[in-house]
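Structure data follow from query-v8.cif (mmCIF, C-alpha atoms):
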```cif
data_coords
loop_
_atom_site.label_atom_id
_atom_site.label_comp_id
_atom_site.auth_asym_id
_atom_site.auth_seq_id
_atom_site.Cartn_x
_atom_site.Cartn_y
_atom_site.Cartn_z
CA MET P 1 -7.54 11.50 -8.61
CA ILE P 2 -4.67 11.74 -6.13
CA VAL P 3 -2.79 8.78 -4.65
CA TYR P 4 -0.03 8.76 -2.05
CA VAL P 5 2.62 6.03 -1.89
CA LEU P 6 4.33 5.75 1.49
CA LEU P 7 8.09 5.25 1.55
CA ALA P 8 9.87 4.23 4.74
CA GLU P 9 13.44 2.99 5.11
CA GLY P 10 13.60 -0.59 3.85
CA PHE P 11 10.59 -0.46 1.51
CA GLU P 12 10.39 -3.01 -1.33
CA GLU P 13 11.31 -1.06 -4.44
CA ILE P 14 9.24 -2.98 -7.01
CA GLU P 15 6.15 -2.84 -4.82
CA ALA P 16 6.48 0.91 -4.33
CA LEU P 17 7.54 2.11 -7.75
CA THR P 18 5.39 -0.08 -10.00
CA PRO P 19 2.19 1.54 -8.71
CA VAL P 20 3.78 4.98 -9.04
CA ASP P 21 4.80 4.29 -12.64
CA TYR P 22 1.58 2.60 -13.77
CA LEU P 23 -0.76 5.08 -12.13
CA ARG P 24 1.11 8.05 -13.57
CA ARG P 25 0.86 6.44 -17.02
CA VAL P 26 -2.94 6.56 -16.79
CA GLY P 27 -2.99 10.16 -15.59
CA VAL P 28 -3.39 9.70 -11.85
CA GLU P 29 -1.57 12.26 -9.69
CA VAL P 30 0.76 10.14 -7.58
CA TYR P 31 3.02 11.50 -4.86
CA THR P 32 5.58 9.57 -2.87
CA LEU P 33 5.74 10.51 0.79
CA SER P 34 8.78 9.98 3.00
CA CYS P 35 7.92 8.57 6.41
CA GLY P 36 11.40 9.38 7.69
CA ASP P 37 13.42 12.50 8.36
CA SER P 38 14.75 12.96 4.82
CA LEU P 39 13.26 13.04 1.33
CA THR P 40 15.79 10.40 0.29
CA VAL P 41 14.59 6.96 1.38
CA ARG P 42 16.58 3.74 0.88
CA GLY P 43 14.76 0.63 -0.21
CA SER P 44 15.30 -2.89 1.09
CA HIS P 45 17.83 -3.48 -1.72
CA ASN P 46 19.72 -0.29 -0.90
CA ILE P 47 18.28 1.71 -3.79
CA PRO P 48 17.83 5.37 -2.80
CA VAL P 49 14.63 7.05 -3.94
CA VAL P 50 13.87 10.75 -3.53
CA ALA P 51 10.30 11.18 -2.29
CA ASP P 52 8.10 13.99 -3.55
CA MET P 53 7.14 15.22 -0.09
CA MET P 54 7.50 14.60 3.63
CA ILE P 55 4.47 12.87 5.14
CA ALA P 56 4.40 15.32 8.06
CA ASP P 57 3.93 18.24 5.64
CA VAL P 58 1.09 16.51 3.82
CA VAL P 59 -0.76 15.34 6.93
CA ALA P 60 -0.62 18.88 8.36
CA LYS P 61 -2.83 20.03 5.46
CA ASN P 62 -5.56 17.60 6.58
CA ASP P 63 -6.67 16.92 3.00
CA LEU P 64 -7.21 13.23 2.20
CA PRO P 65 -6.19 11.81 -1.19
CA ASP P 66 -8.33 9.31 -3.11
CA GLY P 67 -6.01 6.44 -2.31
CA ILE P 68 -2.94 5.39 -0.40
CA VAL P 69 -0.45 2.61 -1.20
CA VAL P 70 1.71 0.92 1.44
CA PRO P 71 4.57 -1.14 -0.04
CA GLY P 72 5.96 -4.15 1.75
CA GLY P 73 9.59 -4.95 2.35
CA MET P 74 11.23 -5.20 5.73
CA PRO P 75 11.90 -3.18 7.71
CA GLY P 76 9.95 -0.80 5.45
CA ALA P 77 6.48 -2.03 6.42
CA ALA P 78 7.47 -2.03 10.10
CA ASN P 79 8.76 1.52 9.78
CA VAL P 80 5.42 2.61 8.31
CA ALA P 81 3.71 0.94 11.28
CA GLN P 82 5.91 3.00 13.62
CA CYS P 83 5.24 6.30 11.83
CA LEU P 84 2.50 8.19 13.67
CA GLU P 85 1.59 10.32 10.65
CA ALA P 86 1.28 7.20 8.46
CA ARG P 87 -0.86 5.44 11.05
CA ASN P 88 -3.18 8.44 11.35
CA LEU P 89 -3.43 8.88 7.59
CA ILE P 90 -4.23 5.20 6.98
CA SER P 91 -6.87 5.21 9.72
CA GLN P 92 -8.49 8.37 8.34
CA MET P 93 -8.49 6.94 4.83
CA MET P 94 -10.18 3.73 5.96
CA ALA P 95 -12.77 5.60 8.02
CA ALA P 96 -13.57 7.84 5.02
CA GLY P 97 -14.01 4.85 2.71
CA LYS P 98 -11.03 5.86 0.58
CA VAL P 99 -8.81 3.25 -1.09
CA VAL P 100 -6.22 1.70 1.21
CA ALA P 101 -3.83 -0.55 -0.74
CA ALA P 102 -1.03 -2.66 0.72
CA ILE P 103 1.22 -5.38 -0.65
CA CYS P 104 3.46 -8.17 0.65
CA ALA P 105 4.19 -7.79 4.38
CA ALA P 106 2.36 -4.47 4.66
CA PRO P 107 -1.23 -5.77 4.99
CA VAL P 108 -0.29 -7.54 8.22
CA VAL P 109 2.61 -5.44 9.49
CA ALA P 110 1.23 -1.95 8.77
CA LEU P 111 -2.54 -2.49 8.73
CA ALA P 112 -3.46 -5.19 11.27
CA GLY P 113 -2.79 -3.01 14.30
CA LEU P 114 -5.06 -0.28 12.92
CA GLY P 115 -8.12 -2.49 12.52
CA VAL P 116 -8.05 -2.12 8.73
CA LEU P 117 -8.30 -5.90 8.16
CA LYS P 118 -11.31 -6.35 10.43
CA ALA P 119 -14.09 -8.29 8.64
CA LYS P 120 -12.18 -8.03 5.35
CA ARG P 121 -10.78 -10.51 2.86
CA PHE P 122 -7.08 -9.89 2.33
CA THR P 123 -3.92 -11.40 0.95
CA CYS P 124 -0.25 -10.89 1.83
CA TYR P 125 3.14 -12.51 1.49
CA PRO P 126 2.70 -16.24 2.28
CA SER P 127 3.26 -16.97 6.01
CA MET P 128 2.70 -13.35 7.05
CA GLU P 129 -0.97 -14.18 7.68
CA ALA P 130 0.22 -16.24 10.65
CA GLN P 131 1.73 -13.12 12.24
CA LEU P 132 -1.46 -11.16 12.92
CA GLU P 133 -0.94 -11.48 16.68
CA LYS P 134 2.65 -10.24 16.48
CA TRP P 135 1.82 -7.14 14.44
CA GLY P 136 -1.72 -6.51 15.64
CA GLY P 137 -0.66 -5.84 19.21
CA PRO P 138 -2.48 -6.63 22.46
CA GLN P 139 -5.90 -6.03 20.88
CA TRP P 140 -5.13 -8.09 17.77
CA LYS P 141 -8.15 -10.40 18.11
CA THR P 142 -10.55 -7.46 18.18
CA LEU P 143 -8.67 -5.52 15.49
CA THR P 144 -8.62 -8.47 13.06
CA GLU P 145 -11.93 -10.12 13.96
CA GLY P 146 -13.63 -11.67 10.96
CA CYS P 147 -10.75 -11.08 8.57
CA HIS P 148 -10.05 -13.84 6.06
CA TYR P 149 -6.73 -14.57 4.34
CA THR P 150 -7.45 -15.77 0.80
CA GLY P 151 -3.95 -16.49 -0.51
CA SER P 152 -4.85 -14.77 -3.80
CA ARG P 153 -2.27 -12.85 -5.79
CA VAL P 154 -4.43 -9.72 -5.56
CA GLU P 155 -7.52 -9.29 -3.39
CA VAL P 156 -10.10 -6.51 -3.33
CA ASP P 157 -12.71 -6.16 -0.59
CA GLY P 158 -14.52 -2.84 -0.69
CA ASN P 159 -11.93 -0.10 -0.30
CA LEU P 160 -9.15 -2.51 0.80
CA PHE P 161 -6.77 -3.61 -1.96
CA THR P 162 -4.05 -6.12 -1.05
CA ALA P 163 -1.48 -8.16 -2.95
CA ALA P 164 0.96 -10.97 -2.20
CA GLY P 165 4.42 -9.70 -3.11
CA PRO P 166 6.84 -8.23 -5.65
CA GLY P 167 5.84 -10.71 -8.37
CA THR P 168 2.27 -9.45 -8.12
CA ALA P 169 3.12 -5.74 -8.21
CA GLU P 170 2.14 -5.38 -11.86
CA GLU P 171 -1.29 -7.00 -11.37
CA PHE P 172 -1.79 -4.94 -8.22
CA SER P 173 -0.93 -1.74 -10.11
CA LEU P 174 -3.28 -2.59 -12.98
CA VAL P 175 -6.14 -3.20 -10.54
CA LEU P 176 -5.41 0.20 -8.99
CA ALA P 177 -5.25 1.78 -12.45
CA HIS P 178 -8.68 0.33 -13.18
CA GLU P 179 -10.02 1.73 -9.91
CA PHE P 180 -8.65 5.23 -10.38
CA ALA P 181 -8.66 5.70 -14.16
CA GLY P 182 -11.30 3.27 -15.43
CA HIS P 183 -11.47 0.14 -17.56
CA GLU P 184 -10.43 1.67 -20.88
CA ALA P 185 -7.30 3.32 -19.47
CA ALA P 186 -6.29 0.17 -17.58
CA THR P 187 -6.80 -1.98 -20.69
CA LYS P 188 -4.66 0.34 -22.81
CA LEU P 189 -2.00 0.34 -20.09
CA ALA P 190 -1.94 -3.47 -19.94
CA SER P 191 -1.55 -3.66 -23.72
CA SER P 192 1.19 -1.02 -23.98
CA ALA P 193 3.11 -2.55 -21.08
CA LEU P 194 2.92 -6.01 -22.71
CA PHE P 195 1.16 -7.41 -19.65
CA ARG P 196 0.62 -11.18 -19.99
#
```

Could the structure of this file be written out as structure tokens, please?
Amino acid sequence: MIVYVLLAEGFEEIEALTPVDYLRRVGVEVYTLSCGDSLTVRGSHNIPVVADMMIADVVAKNDLPDGIVVPGGMPGAANVAQCLEARNLISQMMAAGKVVAAICAAPVVALAGLGVLKAKRFTCYPSMEAQLEKWGGPQWKTLTEGCHYTGSRVEVDGNLFTAAGPGTAEEFSLVLAHEFAGHEAATKLASSALFR
């Protein structure tokens, strides 16, 4: 199993690195991709992180991973939404039925304008659900038709995995670990990490 985590300037560090850490603990190949012009990407709290690869290099290979994670944080989520390679990769992943996971602001900011939320249950940072029009663009009604905001901490609808914010990053990561590595591995991870 291979999972990409997208890093753009201003990403929320906990939301990006918790999935990286937890998924690697259960044996999933996880690669961080820079959506900018440097491998070093600064988070929303000014923490620099060195990405594994540039997204442009990965997209050029035209080989889809099993899953993709889009952290929230601002302007991180907005910078993902502005990255053509990220937009194309997310759209291809959704069309192929691969896992698309987003947390906090990212479900609305990075996914709404791509039609990913259409007819899906989702969650996000509270109040962001009211910004579908802003981030969905001129066609937002069509692109988000039938979507339903649940307000849950973590929500799964088919291949769309969403979560509410940094305080839910651990639950979000455990759900992803279950998806990619199975129940036994996720249970062992929860126990060893002292998950409550």

Mind telling me what the PyMOL selection byres ((chain P and resi 157-169) around 10) catches here, as a short mmCIF file (atom, residue, chain, number, x, y, z; two decimals) with C-alpha atoms, in the coordinates of the input?
```
data_model
loop_
_atom_site.label_atom_id
_atom_site.label_comp_id
_atom_site.auth_asym_id
_atom_site.auth_seq_id
_atom_site.Cartn_x
_atom_site.Cartn_y
_atom_site.Cartn_z
CA GLU P 12 10.39 -3.01 -1.33
CA GLU P 13 11.31 -1.06 -4.44
CA ILE P 14 9.24 -2.98 -7.01
CA GLU P 15 6.15 -2.84 -4.82
CA ALA P 16 6.48 0.91 -4.33
CA LEU P 17 7.54 2.11 -7.75
CA THR P 18 5.39 -0.08 -10.00
CA PRO P 19 2.19 1.54 -8.71
CA GLY P 67 -6.01 6.44 -2.31
CA ILE P 68 -2.94 5.39 -0.40
CA VAL P 69 -0.45 2.61 -1.20
CA VAL P 70 1.71 0.92 1.44
CA PRO P 71 4.57 -1.14 -0.04
CA GLY P 72 5.96 -4.15 1.75
CA GLY P 73 9.59 -4.95 2.35
CA MET P 93 -8.49 6.94 4.83
CA MET P 94 -10.18 3.73 5.96
CA ALA P 96 -13.57 7.84 5.02
CA GLY P 97 -14.01 4.85 2.71
CA LYS P 98 -11.03 5.86 0.58
CA VAL P 99 -8.81 3.25 -1.09
CA VAL P 100 -6.22 1.70 1.21
CA ALA P 101 -3.83 -0.55 -0.74
CA ALA P 102 -1.03 -2.66 0.72
CA ILE P 103 1.22 -5.38 -0.65
CA CYS P 104 3.46 -8.17 0.65
CA ALA P 105 4.19 -7.79 4.38
CA ALA P 106 2.36 -4.47 4.66
CA PRO P 107 -1.23 -5.77 4.99
CA VAL P 116 -8.05 -2.12 8.73
CA LEU P 117 -8.30 -5.90 8.16
CA ALA P 119 -14.09 -8.29 8.64
CA LYS P 120 -12.18 -8.03 5.35
CA ARG P 121 -10.78 -10.51 2.86
CA PHE P 122 -7.08 -9.89 2.33
CA THR P 123 -3.92 -11.40 0.95
CA CYS P 124 -0.25 -10.89 1.83
CA TYR P 125 3.14 -12.51 1.49
CA PRO P 126 2.70 -16.24 2.28
CA MET P 128 2.70 -13.35 7.05
CA GLY P 151 -3.95 -16.49 -0.51
CA SER P 152 -4.85 -14.77 -3.80
CA ARG P 153 -2.27 -12.85 -5.79
CA VAL P 154 -4.43 -9.72 -5.56
CA GLU P 155 -7.52 -9.29 -3.39
CA VAL P 156 -10.10 -6.51 -3.33
CA GLU P 170 2.14 -5.38 -11.86
CA GLU P 171 -1.29 -7.00 -11.37
CA PHE P 172 -1.79 -4.94 -8.22
CA SER P 173 -0.93 -1.74 -10.11
CA LEU P 174 -3.28 -2.59 -12.98
CA VAL P 175 -6.14 -3.20 -10.54
CA LEU P 176 -5.41 0.20 -8.99
CA GLU P 179 -10.02 1.73 -9.91
#
```

(request) To verify the selection step, state as a VMD selection string which residues the PyMOL selection byres ((chain P and resi 79) around 10) yields on this input. (result) chain P and resid 7 to 11 35 to 36 73 to 78 80 to 84 86 109 to 110

Writing out the chosen residues with C-alpha atoms as a PDB file, in the coordinates of the input:
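The resulting file, result04.pdb, is reproduced below:
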```pdb
ATOM      1  CA  LEU P   7       8.090   5.250   1.550  1.00  0.00           C
ATOM      2  CA  ALA P   8       9.870   4.230   4.740  1.00  0.00           C
ATOM      3  CA  GLU P   9      13.440   2.990   5.110  1.00  0.00           C
ATOM      4  CA  GLY P  10      13.600  -0.590   3.850  1.00  0.00           C
ATOM      5  CA  PHE P  11      10.590  -0.460   1.510  1.00  0.00           C
ATOM      6  CA  CYS P  35       7.920   8.570   6.410  1.00  0.00           C
ATOM      7  CA  GLY P  36      11.400   9.380   7.690  1.00  0.00           C
ATOM      8  CA  GLY P  73       9.590  -4.950   2.350  1.00  0.00           C
ATOM      9  CA  MET P  74      11.230  -5.200   5.730  1.00  0.00           C
ATOM     10  CA  PRO P  75      11.900  -3.180   7.710  1.00  0.00           C
ATOM     11  CA  GLY P  76       9.950  -0.800   5.450  1.00  0.00           C
ATOM     12  CA  ALA P  77       6.480  -2.030   6.420  1.00  0.00           C
ATOM     13  CA  ALA P  78       7.470  -2.030  10.100  1.00  0.00           C
ATOM     14  CA  VAL P  80       5.420   2.610   8.310  1.00  0.00           C
ATOM     15  CA  ALA P  81       3.710   0.940  11.280  1.00  0.00           C
ATOM     16  CA  GLN P  82       5.910   3.000  13.620  1.00  0.00           C
ATOM     17  CA  CYS P  83       5.240   6.300  11.830  1.00  0.00           C
ATOM     18  CA  LEU P  84       2.500   8.190  13.670  1.00  0.00           C
ATOM     19  CA  ALA P  86       1.280   7.200   8.460  1.00  0.00           C
ATOM     20  CA  VAL P 109       2.610  -5.440   9.490  1.00  0.00           C
ATOM     21  CA  ALA P 110       1.230  -1.950   8.770  1.00  0.00           C
TER      22      ALA P 110
END
```

(request) Find the residues around Val58 (chain P) up to 12 Å (only C-alpha atoms counted), leave out those fewer than 6 positions away in its own chain, and share them as an NGL selection string. (result) :P and (4 or 6 or 31-35 or 52 or 64-65 or 85-86 or 88-89)

If the box runs along x, y and z of the file and leaves 5 Å on each side of region 32-35 of chain P, what are its centre and edge lengths in Å, one decimal, as AutoDock Vina command-line options?
```
--center_x 7.2 --center_y 9.5 --center_z 1.8 --size_x 13.2 --size_y 11.9 --size_z 19.3
```

(request) Could you jot down the CA of Glu29 (chain P) to CA of Val108 (chain P) separation for me, Å, one decimal place? (result) 26.7 Å

(request) Within 7 Å of region 132-143 of chain P, counting all atoms listed in the file, which residues show up once you throw out same-chain ones fewer than 3 positions away? Write them as number ranges by chain, please. (result) P: 108-109, 112-115, 118, 129

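Here CA of Val41 (chain P) is placed at a distance of 17.3 Å from CA of Asp21 (chain P).
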
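Interatomic distance, CA of Met53 (chain P) to CA of Tyr22 (chain P): 19.4 Å.
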
(request) Would you list the contacts of Ala181 (chain P) as a list of chain:residue names, taking every protein, DNA or RNA residue within 8 Å and counting all atoms listed in the file, but skipping same-chain residues closer than 5 positions in sequence? (result)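 My reading of the contact set: P:Val26, P:Gly27, P:Val28, P:Ala186.
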
(request) Take the PyMOL selection byres ((chain P and resi 40) around 6), apply it to the structure above, and return the hits as a list in words. (result)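 This file gives the following for the PyMOL selection byres ((chain P and resi 40) around 6): Ser38, Leu39, Val41, Val49 and Val50 of chain P.
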